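Structure file data_26.txt (compact mmCIF, N, CA and C atoms) follows.
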```
# COMPACT_ATOMS: atom_id res chain seq x y z
N MET A 105 94.18 139.35 105.34
CA MET A 105 95.14 140.26 104.73
C MET A 105 96.49 140.07 105.43
N ARG A 106 97.52 140.02 104.65
CA ARG A 106 98.86 139.86 105.20
C ARG A 106 99.69 141.07 104.77
N LEU A 107 100.35 141.70 105.74
CA LEU A 107 101.19 142.86 105.44
C LEU A 107 102.52 142.41 104.83
N THR A 108 103.06 143.25 103.97
CA THR A 108 104.38 142.96 103.40
C THR A 108 105.44 143.10 104.49
N LYS A 109 106.60 142.53 104.22
CA LYS A 109 107.71 142.64 105.17
C LYS A 109 108.14 144.09 105.34
N SER A 110 108.04 144.88 104.29
CA SER A 110 108.41 146.30 104.39
C SER A 110 107.48 147.05 105.33
N THR A 111 106.19 146.78 105.24
CA THR A 111 105.23 147.44 106.12
C THR A 111 105.48 147.03 107.57
N ASP A 112 105.67 145.74 107.79
CA ASP A 112 105.96 145.23 109.12
C ASP A 112 107.21 145.89 109.69
N LEU A 113 108.25 145.96 108.88
CA LEU A 113 109.50 146.55 109.35
C LEU A 113 109.35 148.05 109.59
N ALA A 114 108.58 148.73 108.77
CA ALA A 114 108.33 150.17 108.98
C ALA A 114 107.66 150.39 110.32
N LEU A 115 106.65 149.60 110.63
CA LEU A 115 105.95 149.74 111.91
C LEU A 115 106.88 149.44 113.08
N ARG A 116 107.66 148.36 112.98
CA ARG A 116 108.57 148.02 114.07
C ARG A 116 109.67 149.06 114.23
N THR A 117 110.12 149.64 113.12
CA THR A 117 111.18 150.65 113.18
C THR A 117 110.69 151.91 113.88
N ILE A 118 109.52 152.40 113.51
CA ILE A 118 109.06 153.62 114.18
C ILE A 118 108.71 153.36 115.63
N MET A 119 108.24 152.15 115.94
CA MET A 119 108.01 151.81 117.34
C MET A 119 109.32 151.82 118.11
N ARG A 120 110.36 151.24 117.51
CA ARG A 120 111.68 151.20 118.15
C ARG A 120 112.20 152.60 118.40
N LEU A 121 112.06 153.48 117.40
CA LEU A 121 112.54 154.86 117.55
C LEU A 121 111.72 155.63 118.58
N ALA A 122 110.45 155.30 118.71
CA ALA A 122 109.58 156.01 119.65
C ALA A 122 110.00 155.79 121.10
N VAL A 123 110.52 154.62 121.42
CA VAL A 123 110.86 154.35 122.82
C VAL A 123 112.16 155.00 123.27
N THR A 124 113.00 155.41 122.34
CA THR A 124 114.26 156.05 122.74
C THR A 124 114.22 157.56 122.57
N GLY A 125 113.08 158.09 122.17
CA GLY A 125 112.92 159.54 122.10
C GLY A 125 113.85 160.21 121.11
N ALA A 126 114.52 161.28 121.57
CA ALA A 126 115.37 162.09 120.70
C ALA A 126 116.76 161.49 120.51
N GLU A 127 117.06 160.41 121.21
CA GLU A 127 118.38 159.79 121.10
C GLU A 127 118.48 159.04 119.78
N PRO A 128 119.38 159.47 118.86
CA PRO A 128 119.47 158.79 117.57
C PRO A 128 120.10 157.40 117.70
N CYS A 129 119.72 156.52 116.80
CA CYS A 129 120.36 155.21 116.73
C CYS A 129 120.62 154.91 115.26
N THR A 130 121.62 154.13 115.00
CA THR A 130 122.01 153.87 113.62
C THR A 130 121.08 152.84 112.99
N ALA A 131 121.02 152.88 111.67
CA ALA A 131 120.23 151.90 110.94
C ALA A 131 120.78 150.49 111.17
N ARG A 132 122.09 150.37 111.25
CA ARG A 132 122.69 149.05 111.52
C ARG A 132 122.28 148.53 112.89
N GLN A 133 122.23 149.42 113.85
CA GLN A 133 121.81 149.03 115.20
C GLN A 133 120.37 148.53 115.19
N VAL A 134 119.48 149.28 114.56
CA VAL A 134 118.06 148.88 114.50
C VAL A 134 117.93 147.56 113.73
N ALA A 135 118.64 147.42 112.62
CA ALA A 135 118.58 146.19 111.84
C ALA A 135 119.01 144.99 112.69
N GLY A 136 120.07 145.17 113.47
CA GLY A 136 120.54 144.09 114.35
C GLY A 136 119.52 143.74 115.42
N GLU A 137 118.93 144.76 116.02
CA GLU A 137 117.93 144.51 117.06
C GLU A 137 116.67 143.85 116.51
N MET A 138 116.30 144.21 115.30
CA MET A 138 115.10 143.65 114.67
C MET A 138 115.39 142.36 113.90
N GLN A 139 116.68 142.01 113.83
CA GLN A 139 117.13 140.80 113.15
C GLN A 139 116.67 140.75 111.69
N VAL A 140 116.94 141.87 110.98
CA VAL A 140 116.62 141.98 109.55
C VAL A 140 117.87 142.47 108.82
N PRO A 141 117.95 142.22 107.52
CA PRO A 141 119.11 142.71 106.76
C PRO A 141 119.18 144.23 106.77
N TYR A 142 120.39 144.74 106.91
CA TYR A 142 120.60 146.19 106.93
C TYR A 142 120.06 146.84 105.66
N SER A 143 120.27 146.20 104.51
CA SER A 143 119.83 146.80 103.24
C SER A 143 118.31 146.98 103.20
N HIS A 144 117.58 146.04 103.77
CA HIS A 144 116.11 146.15 103.81
C HIS A 144 115.71 147.30 104.74
N LEU A 145 116.34 147.37 105.90
CA LEU A 145 116.01 148.44 106.84
C LEU A 145 116.36 149.80 106.24
N ALA A 146 117.47 149.90 105.53
CA ALA A 146 117.87 151.17 104.92
C ALA A 146 116.83 151.66 103.92
N LYS A 147 116.27 150.75 103.12
CA LYS A 147 115.23 151.12 102.16
C LYS A 147 113.96 151.60 102.88
N VAL A 148 113.59 150.89 103.92
CA VAL A 148 112.40 151.27 104.70
C VAL A 148 112.63 152.62 105.37
N ALA A 149 113.82 152.83 105.93
CA ALA A 149 114.13 154.10 106.59
C ALA A 149 114.08 155.25 105.59
N ALA A 150 114.57 155.03 104.38
CA ALA A 150 114.51 156.08 103.36
C ALA A 150 113.07 156.45 103.04
N ARG A 151 112.22 155.46 102.97
CA ARG A 151 110.79 155.72 102.71
C ARG A 151 110.14 156.45 103.89
N LEU A 152 110.46 156.05 105.11
CA LEU A 152 109.92 156.73 106.29
C LEU A 152 110.39 158.19 106.34
N GLN A 153 111.64 158.42 105.94
CA GLN A 153 112.16 159.79 105.90
C GLN A 153 111.41 160.60 104.84
N HIS A 154 111.20 160.01 103.68
CA HIS A 154 110.48 160.70 102.61
C HIS A 154 109.06 161.08 103.06
N LEU A 155 108.45 160.24 103.89
CA LEU A 155 107.10 160.52 104.41
C LEU A 155 107.12 161.52 105.56
N GLY A 156 108.31 161.92 106.01
CA GLY A 156 108.43 162.88 107.10
C GLY A 156 108.25 162.29 108.48
N LEU A 157 108.33 160.97 108.60
CA LEU A 157 108.10 160.31 109.89
C LEU A 157 109.37 160.12 110.70
N ILE A 158 110.51 160.06 110.01
CA ILE A 158 111.79 159.99 110.71
C ILE A 158 112.76 160.98 110.08
N GLU A 159 113.79 161.31 110.84
CA GLU A 159 114.89 162.12 110.33
C GLU A 159 116.13 161.24 110.34
N THR A 160 116.97 161.44 109.34
CA THR A 160 118.24 160.71 109.30
C THR A 160 119.37 161.72 109.21
N ARG A 161 120.42 161.47 109.97
CA ARG A 161 121.63 162.30 109.92
C ARG A 161 122.83 161.40 109.78
N ARG A 162 123.73 161.80 108.90
CA ARG A 162 124.96 161.04 108.69
C ARG A 162 126.04 161.52 109.62
N GLY A 163 127.04 160.68 109.76
CA GLY A 163 128.23 161.08 110.50
C GLY A 163 128.14 160.88 111.99
N ARG A 164 129.18 161.39 112.65
CA ARG A 164 129.29 161.26 114.10
C ARG A 164 128.08 161.89 114.79
N GLY A 165 127.47 161.16 115.69
CA GLY A 165 126.30 161.65 116.40
C GLY A 165 125.03 161.58 115.57
N GLY A 166 125.13 161.01 114.38
CA GLY A 166 123.96 160.91 113.51
C GLY A 166 123.17 159.65 113.79
N GLY A 167 122.22 159.41 112.95
CA GLY A 167 121.39 158.22 113.08
C GLY A 167 119.95 158.53 112.73
N LEU A 168 119.08 157.66 113.17
CA LEU A 168 117.65 157.78 112.91
C LEU A 168 116.95 158.30 114.16
N THR A 169 116.02 159.24 113.96
CA THR A 169 115.17 159.71 115.05
C THR A 169 113.75 159.87 114.52
N LEU A 170 112.80 159.69 115.40
CA LEU A 170 111.39 159.84 115.07
C LEU A 170 111.02 161.31 115.12
N THR A 171 110.28 161.79 114.13
CA THR A 171 109.81 163.19 114.14
C THR A 171 108.52 163.28 114.96
N ALA A 172 108.11 164.50 115.23
CA ALA A 172 106.83 164.70 115.93
C ALA A 172 105.69 164.13 115.09
N ALA A 173 105.76 164.31 113.77
CA ALA A 173 104.73 163.76 112.89
C ALA A 173 104.74 162.24 112.94
N GLY A 174 105.91 161.65 113.08
CA GLY A 174 106.02 160.20 113.19
C GLY A 174 105.40 159.67 114.46
N ARG A 175 105.57 160.41 115.53
CA ARG A 175 105.03 159.99 116.83
C ARG A 175 103.51 159.96 116.82
N THR A 176 102.89 160.89 116.10
CA THR A 176 101.43 161.00 116.10
C THR A 176 100.81 160.45 114.81
N ALA A 177 101.61 159.83 113.98
CA ALA A 177 101.11 159.30 112.71
C ALA A 177 100.06 158.22 112.94
N SER A 178 99.08 158.20 112.07
CA SER A 178 98.05 157.16 112.09
C SER A 178 98.65 155.86 111.57
N VAL A 179 98.46 154.79 112.31
CA VAL A 179 98.96 153.49 111.89
C VAL A 179 98.25 153.07 110.60
N GLY A 180 96.97 153.35 110.49
CA GLY A 180 96.23 153.03 109.27
C GLY A 180 96.81 153.73 108.05
N GLN A 181 97.14 155.01 108.21
CA GLN A 181 97.71 155.76 107.09
C GLN A 181 99.09 155.22 106.72
N LEU A 182 99.87 154.87 107.71
CA LEU A 182 101.20 154.30 107.43
C LEU A 182 101.07 152.99 106.66
N VAL A 183 100.14 152.15 107.06
CA VAL A 183 99.92 150.89 106.35
C VAL A 183 99.48 151.17 104.91
N ARG A 184 98.60 152.15 104.73
CA ARG A 184 98.18 152.50 103.36
C ARG A 184 99.36 152.97 102.51
N GLU A 185 100.24 153.77 103.11
CA GLU A 185 101.40 154.28 102.37
C GLU A 185 102.31 153.15 101.90
N PHE A 186 102.51 152.16 102.76
CA PHE A 186 103.42 151.07 102.42
C PHE A 186 102.75 149.98 101.59
N GLU A 187 101.48 149.72 101.82
CA GLU A 187 100.79 148.65 101.12
C GLU A 187 100.17 149.11 99.80
N GLY A 188 99.89 150.40 99.67
CA GLY A 188 99.19 150.86 98.49
C GLY A 188 97.69 150.65 98.65
N VAL A 189 96.95 150.97 97.62
CA VAL A 189 95.49 150.91 97.73
C VAL A 189 94.90 149.84 96.81
N GLY A 190 95.69 148.89 96.40
CA GLY A 190 95.22 147.85 95.49
C GLY A 190 94.25 146.88 96.15
N ASP A 191 93.65 146.06 95.31
CA ASP A 191 92.72 145.04 95.80
C ASP A 191 93.47 143.92 96.51
N VAL A 192 92.77 143.23 97.39
CA VAL A 192 93.33 142.10 98.11
C VAL A 192 93.65 140.96 97.14
N VAL A 193 92.80 140.77 96.15
CA VAL A 193 93.04 139.75 95.12
C VAL A 193 93.19 140.44 93.76
N ASP A 194 93.93 139.80 92.88
CA ASP A 194 94.17 140.36 91.56
C ASP A 194 93.23 139.70 90.55
N CYS A 195 92.09 140.32 90.32
CA CYS A 195 91.09 139.76 89.41
C CYS A 195 91.44 140.01 87.95
N GLU A 196 92.33 140.94 87.69
CA GLU A 196 92.67 141.34 86.32
C GLU A 196 94.08 140.90 85.93
N GLY A 197 94.67 139.97 86.64
CA GLY A 197 96.06 139.56 86.43
C GLY A 197 96.35 138.99 85.06
N ASP A 198 97.47 138.28 84.95
CA ASP A 198 97.90 137.67 83.69
C ASP A 198 96.79 136.80 83.08
N VAL A 199 96.12 136.06 83.95
CA VAL A 199 94.96 135.27 83.53
C VAL A 199 93.77 135.82 84.30
N PRO A 200 93.01 136.75 83.68
CA PRO A 200 91.89 137.37 84.40
C PRO A 200 90.88 136.33 84.88
N CYS A 201 90.32 136.60 86.03
CA CYS A 201 89.34 135.70 86.61
C CYS A 201 88.07 135.71 85.75
N PRO A 202 87.55 134.54 85.42
CA PRO A 202 86.35 134.49 84.59
C PRO A 202 85.10 134.99 85.33
N LEU A 203 85.17 135.13 86.63
CA LEU A 203 84.02 135.60 87.40
C LEU A 203 83.99 137.11 87.60
N ARG A 204 85.01 137.80 87.12
CA ARG A 204 85.18 139.22 87.47
C ARG A 204 84.00 140.12 87.09
N GLN A 205 83.22 139.77 86.08
CA GLN A 205 82.11 140.62 85.66
C GLN A 205 80.95 140.62 86.66
N GLY A 206 80.72 139.50 87.31
CA GLY A 206 79.58 139.42 88.22
C GLY A 206 79.94 138.94 89.61
N CYS A 207 81.18 139.13 90.00
CA CYS A 207 81.65 138.58 91.27
C CYS A 207 81.35 139.51 92.44
N ARG A 208 80.81 138.96 93.48
CA ARG A 208 80.52 139.73 94.70
C ARG A 208 81.68 139.63 95.69
N LEU A 209 82.56 138.67 95.49
CA LEU A 209 83.69 138.47 96.41
C LEU A 209 84.63 139.66 96.39
N ARG A 210 84.91 140.20 95.23
CA ARG A 210 85.85 141.32 95.11
C ARG A 210 85.41 142.51 95.97
N MET A 211 84.14 142.86 95.89
CA MET A 211 83.64 143.99 96.69
C MET A 211 83.63 143.66 98.18
N ALA A 212 83.30 142.42 98.51
CA ALA A 212 83.30 142.02 99.92
C ALA A 212 84.71 142.11 100.50
N LEU A 213 85.69 141.68 99.72
CA LEU A 213 87.08 141.77 100.18
C LEU A 213 87.54 143.22 100.28
N ARG A 214 87.10 144.07 99.37
CA ARG A 214 87.45 145.48 99.44
C ARG A 214 86.87 146.13 100.71
N ARG A 215 85.60 145.80 101.01
CA ARG A 215 84.98 146.33 102.24
C ARG A 215 85.72 145.84 103.49
N ALA A 216 86.13 144.58 103.48
CA ALA A 216 86.87 144.03 104.61
C ALA A 216 88.22 144.72 104.76
N GLN A 217 88.88 144.98 103.65
CA GLN A 217 90.16 145.68 103.68
C GLN A 217 89.99 147.09 104.23
N GLU A 218 88.96 147.79 103.78
CA GLU A 218 88.69 149.15 104.27
C GLU A 218 88.37 149.15 105.77
N ALA A 219 87.62 148.14 106.23
CA ALA A 219 87.31 148.04 107.66
C ALA A 219 88.57 147.77 108.47
N PHE A 220 89.45 146.92 107.95
CA PHE A 220 90.72 146.63 108.61
C PHE A 220 91.54 147.91 108.78
N LEU A 221 91.68 148.66 107.70
CA LEU A 221 92.46 149.90 107.75
C LEU A 221 91.79 150.95 108.63
N ALA A 222 90.46 151.03 108.57
CA ALA A 222 89.73 151.99 109.40
C ALA A 222 89.93 151.69 110.88
N SER A 223 90.07 150.40 111.23
CA SER A 223 90.29 150.06 112.64
C SER A 223 91.68 150.48 113.10
N LEU A 224 92.62 150.65 112.16
CA LEU A 224 93.98 151.09 112.50
C LEU A 224 94.12 152.61 112.48
N ASP A 225 93.19 153.31 111.83
CA ASP A 225 93.29 154.77 111.69
C ASP A 225 93.42 155.52 113.01
N PRO A 226 92.64 155.20 114.03
CA PRO A 226 92.77 155.99 115.28
C PRO A 226 94.03 155.71 116.08
N LEU A 227 94.73 154.62 115.78
CA LEU A 227 95.95 154.27 116.52
C LEU A 227 97.12 155.11 116.05
N THR A 228 97.92 155.58 116.99
CA THR A 228 99.15 156.31 116.68
C THR A 228 100.35 155.48 117.13
N VAL A 229 101.52 155.92 116.74
CA VAL A 229 102.74 155.24 117.17
C VAL A 229 102.85 155.27 118.69
N ASP A 230 102.49 156.40 119.30
CA ASP A 230 102.50 156.48 120.76
C ASP A 230 101.61 155.40 121.38
N ASP A 231 100.45 155.15 120.77
CA ASP A 231 99.56 154.09 121.27
C ASP A 231 100.24 152.73 121.19
N LEU A 232 100.98 152.50 120.12
CA LEU A 232 101.62 151.20 119.92
C LEU A 232 102.72 150.91 120.94
N VAL A 233 103.36 151.96 121.44
CA VAL A 233 104.48 151.73 122.37
C VAL A 233 104.09 151.91 123.83
N ALA A 234 102.80 152.02 124.09
CA ALA A 234 102.35 152.06 125.48
C ALA A 234 102.63 150.69 126.11
N SER A 235 102.65 150.66 127.42
CA SER A 235 102.92 149.42 128.14
C SER A 235 101.89 148.36 127.72
N PRO A 236 102.31 147.15 127.52
CA PRO A 236 103.56 146.50 127.86
C PRO A 236 104.60 146.51 126.72
N THR A 237 104.25 147.06 125.55
CA THR A 237 105.15 146.99 124.40
C THR A 237 106.41 147.83 124.59
N GLY A 238 106.26 149.05 125.09
CA GLY A 238 107.41 149.94 125.28
C GLY A 238 108.54 149.32 126.08
N PRO A 239 108.25 148.77 127.25
CA PRO A 239 109.32 148.14 128.02
C PRO A 239 109.99 146.96 127.29
N VAL A 240 109.22 146.21 126.53
CA VAL A 240 109.81 145.10 125.76
C VAL A 240 110.77 145.66 124.71
N LEU A 241 110.35 146.72 124.03
CA LEU A 241 111.22 147.35 123.04
C LEU A 241 112.48 147.90 123.68
N LEU A 242 112.35 148.51 124.84
CA LEU A 242 113.53 149.04 125.54
C LEU A 242 114.50 147.91 125.88
N GLY A 243 113.99 146.72 126.13
CA GLY A 243 114.84 145.57 126.41
C GLY A 243 115.66 145.15 125.20
N LEU A 244 115.20 145.50 124.01
CA LEU A 244 115.92 145.16 122.79
C LEU A 244 117.02 146.16 122.46
N VAL A 245 116.90 147.36 122.99
CA VAL A 245 117.82 148.43 122.64
C VAL A 245 119.25 148.03 122.96
N GLY A 246 120.07 148.11 121.94
CA GLY A 246 121.50 147.79 122.10
C GLY A 246 121.82 146.32 122.05
N ARG A 247 120.81 145.49 121.88
CA ARG A 247 121.06 144.04 121.81
C ARG A 247 121.03 143.58 120.36
N ALA A 248 122.08 142.99 119.93
CA ALA A 248 122.13 142.40 118.59
C ALA A 248 122.07 140.90 118.76
N PRO A 249 121.70 140.16 117.74
CA PRO A 249 121.64 138.71 117.85
C PRO A 249 122.98 138.12 118.28
N GLY A 250 122.90 137.16 119.17
CA GLY A 250 124.12 136.47 119.61
C GLY A 250 124.83 137.14 120.78
N LEU A 251 124.37 138.33 121.17
CA LEU A 251 124.99 139.02 122.30
C LEU A 251 124.15 138.78 123.55
N SER A 252 124.79 138.69 124.67
CA SER A 252 124.04 138.53 125.91
C SER A 252 123.50 139.89 126.35
N PRO A 253 122.37 139.88 127.08
CA PRO A 253 121.76 141.15 127.50
C PRO A 253 122.59 141.94 128.46
```

If you convert what's in this file into structure tokens, what do you get?
Amino acid sequence: MRLTKSTDLALRTIMRLAVTGAEPCTARQVAGEMQVPYSHLAKVAARLQHLGLIETRRGRGGGLTLTAAGRTASVGQLVREFEGVGDVVDCEGDVPCPLRQGCRLRMALRRAQEAFLASLDPLTVDDLVASPTGPVLLGLVGRAPGLSP
């Protein structure tokens, strides 16, 4: 299973926000540190805000901050929110698979997907930023591509 870029960025964004606590940072700053387009990060941030995992404030002193719910959010649930609950393979697509009526692969892949997500369920954002990850993330804070540390 491969996560979408949006899911990956959502996870990295909340991890980034978790290491700086209540100190807000701008979406442009996070986009620069994560080396992703600002427009993509802005869309992901809007979705995270809608889920109640981050707060956004405009203007002077504004920015993105992680909520208490975001800090304790289940990584498995976050992945489900961003990835959806669809099958790993599309058996009913434009050209339906001729094996779909008696195929055992589809169910095996569904069980594997459920096991993958279940293994992420007990993990929280706080777990993800425990050492050694937290210090590495702190090293990125304020660094944009092309700037010296």

>> Quick check, in Å to one decimal: how far apart do atom N of Thr130 in chain A and CA of Leu244 in chain A lie?
In response: 13.2 Å

Around all listed atoms of range 212-221 of chain A, padded 8 Å per side, what centre and edge lengths does the axis-aligned box have in Å to one decimal, as lines of an AutoDock Vina configuration file?
```
center_x = 87.9
center_y = 146.3
center_z = 103.6
size_x = 25.2
size_y = 25.3
size_z = 26.3
```

> Quick one: distance from atom N of Asp230 in chain A to atom N of Thr176 in chain A in Å, one decimal?
Replying inline: 5.5 Å

Show me, as a PDB file with N, CA and C atoms, in the coordinates of the input, the residues that have an atom within 12 Å of Cys129 in chain A when counting only C-alpha atoms, minus same-chain residues fewer than 5 positions from it.
```pdb
ATOM      1  N   THR A 117     110.120 149.640 113.120  1.00  0.00           N
ATOM      2  CA  THR A 117     111.180 150.650 113.180  1.00  0.00           C
ATOM      3  C   THR A 117     110.690 151.910 113.880  1.00  0.00           C
ATOM      4  N   ILE A 118     109.520 152.400 113.510  1.00  0.00           N
ATOM      5  CA  ILE A 118     109.060 153.620 114.180  1.00  0.00           C
ATOM      6  C   ILE A 118     108.710 153.360 115.630  1.00  0.00           C
ATOM      7  N   ARG A 120     110.360 151.240 117.510  1.00  0.00           N
ATOM      8  CA  ARG A 120     111.680 151.200 118.150  1.00  0.00           C
ATOM      9  C   ARG A 120     112.200 152.600 118.400  1.00  0.00           C
ATOM     10  N   LEU A 121     112.060 153.480 117.400  1.00  0.00           N
ATOM     11  CA  LEU A 121     112.540 154.860 117.550  1.00  0.00           C
ATOM     12  C   LEU A 121     111.720 155.630 118.580  1.00  0.00           C
ATOM     13  N   ALA A 122     110.450 155.300 118.710  1.00  0.00           N
ATOM     14  CA  ALA A 122     109.580 156.010 119.650  1.00  0.00           C
ATOM     15  C   ALA A 122     110.000 155.790 121.100  1.00  0.00           C
ATOM     16  N   VAL A 123     110.520 154.620 121.420  1.00  0.00           N
ATOM     17  CA  VAL A 123     110.860 154.350 122.820  1.00  0.00           C
ATOM     18  C   VAL A 123     112.160 155.000 123.270  1.00  0.00           C
ATOM     19  N   THR A 124     113.000 155.410 122.340  1.00  0.00           N
ATOM     20  CA  THR A 124     114.260 156.050 122.740  1.00  0.00           C
ATOM     21  C   THR A 124     114.220 157.560 122.570  1.00  0.00           C
ATOM     22  N   VAL A 134     119.480 149.280 114.560  1.00  0.00           N
ATOM     23  CA  VAL A 134     118.060 148.880 114.500  1.00  0.00           C
ATOM     24  C   VAL A 134     117.930 147.560 113.730  1.00  0.00           C
ATOM     25  N   ALA A 135     118.640 147.420 112.620  1.00  0.00           N
ATOM     26  CA  ALA A 135     118.580 146.190 111.840  1.00  0.00           C
ATOM     27  C   ALA A 135     119.010 144.990 112.690  1.00  0.00           C
ATOM     28  N   GLY A 136     120.070 145.170 113.470  1.00  0.00           N
ATOM     29  CA  GLY A 136     120.540 144.090 114.350  1.00  0.00           C
ATOM     30  C   GLY A 136     119.520 143.740 115.420  1.00  0.00           C
ATOM     31  N   GLU A 137     118.930 144.760 116.020  1.00  0.00           N
ATOM     32  CA  GLU A 137     117.930 144.510 117.060  1.00  0.00           C
ATOM     33  C   GLU A 137     116.670 143.850 116.510  1.00  0.00           C
ATOM     34  N   ALA A 149     113.820 152.830 105.930  1.00  0.00           N
ATOM     35  CA  ALA A 149     114.130 154.100 106.590  1.00  0.00           C
ATOM     36  C   ALA A 149     114.080 155.250 105.590  1.00  0.00           C
ATOM     37  N   ILE A 158     110.510 160.060 110.010  1.00  0.00           N
ATOM     38  CA  ILE A 158     111.790 159.990 110.710  1.00  0.00           C
ATOM     39  C   ILE A 158     112.760 160.980 110.080  1.00  0.00           C
ATOM     40  N   GLU A 159     113.790 161.310 110.840  1.00  0.00           N
ATOM     41  CA  GLU A 159     114.890 162.120 110.330  1.00  0.00           C
ATOM     42  C   GLU A 159     116.130 161.240 110.340  1.00  0.00           C
ATOM     43  N   THR A 160     116.970 161.440 109.340  1.00  0.00           N
ATOM     44  CA  THR A 160     118.240 160.710 109.300  1.00  0.00           C
ATOM     45  C   THR A 160     119.370 161.720 109.210  1.00  0.00           C
ATOM     46  N   ARG A 161     120.420 161.470 109.970  1.00  0.00           N
ATOM     47  CA  ARG A 161     121.630 162.300 109.920  1.00  0.00           C
ATOM     48  C   ARG A 161     122.830 161.400 109.780  1.00  0.00           C
ATOM     49  N   ARG A 162     123.730 161.800 108.900  1.00  0.00           N
ATOM     50  CA  ARG A 162     124.960 161.040 108.690  1.00  0.00           C
ATOM     51  C   ARG A 162     126.040 161.520 109.620  1.00  0.00           C
ATOM     52  N   GLY A 163     127.040 160.680 109.760  1.00  0.00           N
ATOM     53  CA  GLY A 163     128.230 161.080 110.500  1.00  0.00           C
ATOM     54  C   GLY A 163     128.140 160.880 111.990  1.00  0.00           C
ATOM     55  N   ARG A 164     129.180 161.390 112.650  1.00  0.00           N
ATOM     56  CA  ARG A 164     129.290 161.260 114.100  1.00  0.00           C
ATOM     57  C   ARG A 164     128.080 161.890 114.790  1.00  0.00           C
ATOM     58  N   GLY A 165     127.470 161.160 115.690  1.00  0.00           N
ATOM     59  CA  GLY A 165     126.300 161.650 116.400  1.00  0.00           C
ATOM     60  C   GLY A 165     125.030 161.580 115.570  1.00  0.00           C
ATOM     61  N   GLY A 166     125.130 161.010 114.380  1.00  0.00           N
ATOM     62  CA  GLY A 166     123.960 160.910 113.510  1.00  0.00           C
ATOM     63  C   GLY A 166     123.170 159.650 113.790  1.00  0.00           C
ATOM     64  N   GLY A 167     122.220 159.410 112.950  1.00  0.00           N
ATOM     65  CA  GLY A 167     121.390 158.220 113.080  1.00  0.00           C
ATOM     66  C   GLY A 167     119.950 158.530 112.730  1.00  0.00           C
ATOM     67  N   LEU A 168     119.080 157.660 113.170  1.00  0.00           N
ATOM     68  CA  LEU A 168     117.650 157.780 112.910  1.00  0.00           C
ATOM     69  C   LEU A 168     116.950 158.300 114.160  1.00  0.00           C
ATOM     70  N   THR A 169     116.020 159.240 113.960  1.00  0.00           N
ATOM     71  CA  THR A 169     115.170 159.710 115.050  1.00  0.00           C
ATOM     72  C   THR A 169     113.750 159.870 114.520  1.00  0.00           C
ATOM     73  N   LEU A 170     112.800 159.690 115.400  1.00  0.00           N
ATOM     74  CA  LEU A 170     111.390 159.840 115.070  1.00  0.00           C
ATOM     75  C   LEU A 170     111.020 161.310 115.120  1.00  0.00           C
ATOM     76  N   VAL A 245     116.900 147.360 122.990  1.00  0.00           N
ATOM     77  CA  VAL A 245     117.820 148.430 122.640  1.00  0.00           C
ATOM     78  C   VAL A 245     119.250 148.030 122.960  1.00  0.00           C
ATOM     79  N   GLY A 246     120.070 148.110 121.940  1.00  0.00           N
ATOM     80  CA  GLY A 246     121.500 147.790 122.100  1.00  0.00           C
ATOM     81  C   GLY A 246     121.820 146.320 122.050  1.00  0.00           C
TER      82      GLY A 246
END
```

> Interatomic distance between CA of Lys109 in chain A and atom N of Ala212 in chain A?
Replying inline: 25.3 Å

>> When DSSP is applied to the backbone of this structure, which of chain A are assigned alpha helix (DSSP H)? Write them out as a ChimeraX atom specification.
In response: /A:109-123,131-138,142-154,172-175,179-187,209-224,229-232,237-244

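Proximity ranking of A:Val199, A:Ala150, A:Gly180, A:Leu113 relative to Leu224 in chain A places A:Gly180 first, based on only N, CA and C atoms.
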
>> According to DSSP computed on the backbone, where in range 142-182 of chain A is there strand (DSSP E)? Give the residues as a PyMOL selection string.
In response: chain A and resi 158-161+167-170

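The residue that comes closest to Ala177 in chain A, out of A:Pro226, A:Gly243, A:Pro128, A:Gly238 and on the basis of all atoms listed in the file, is A:Pro226.
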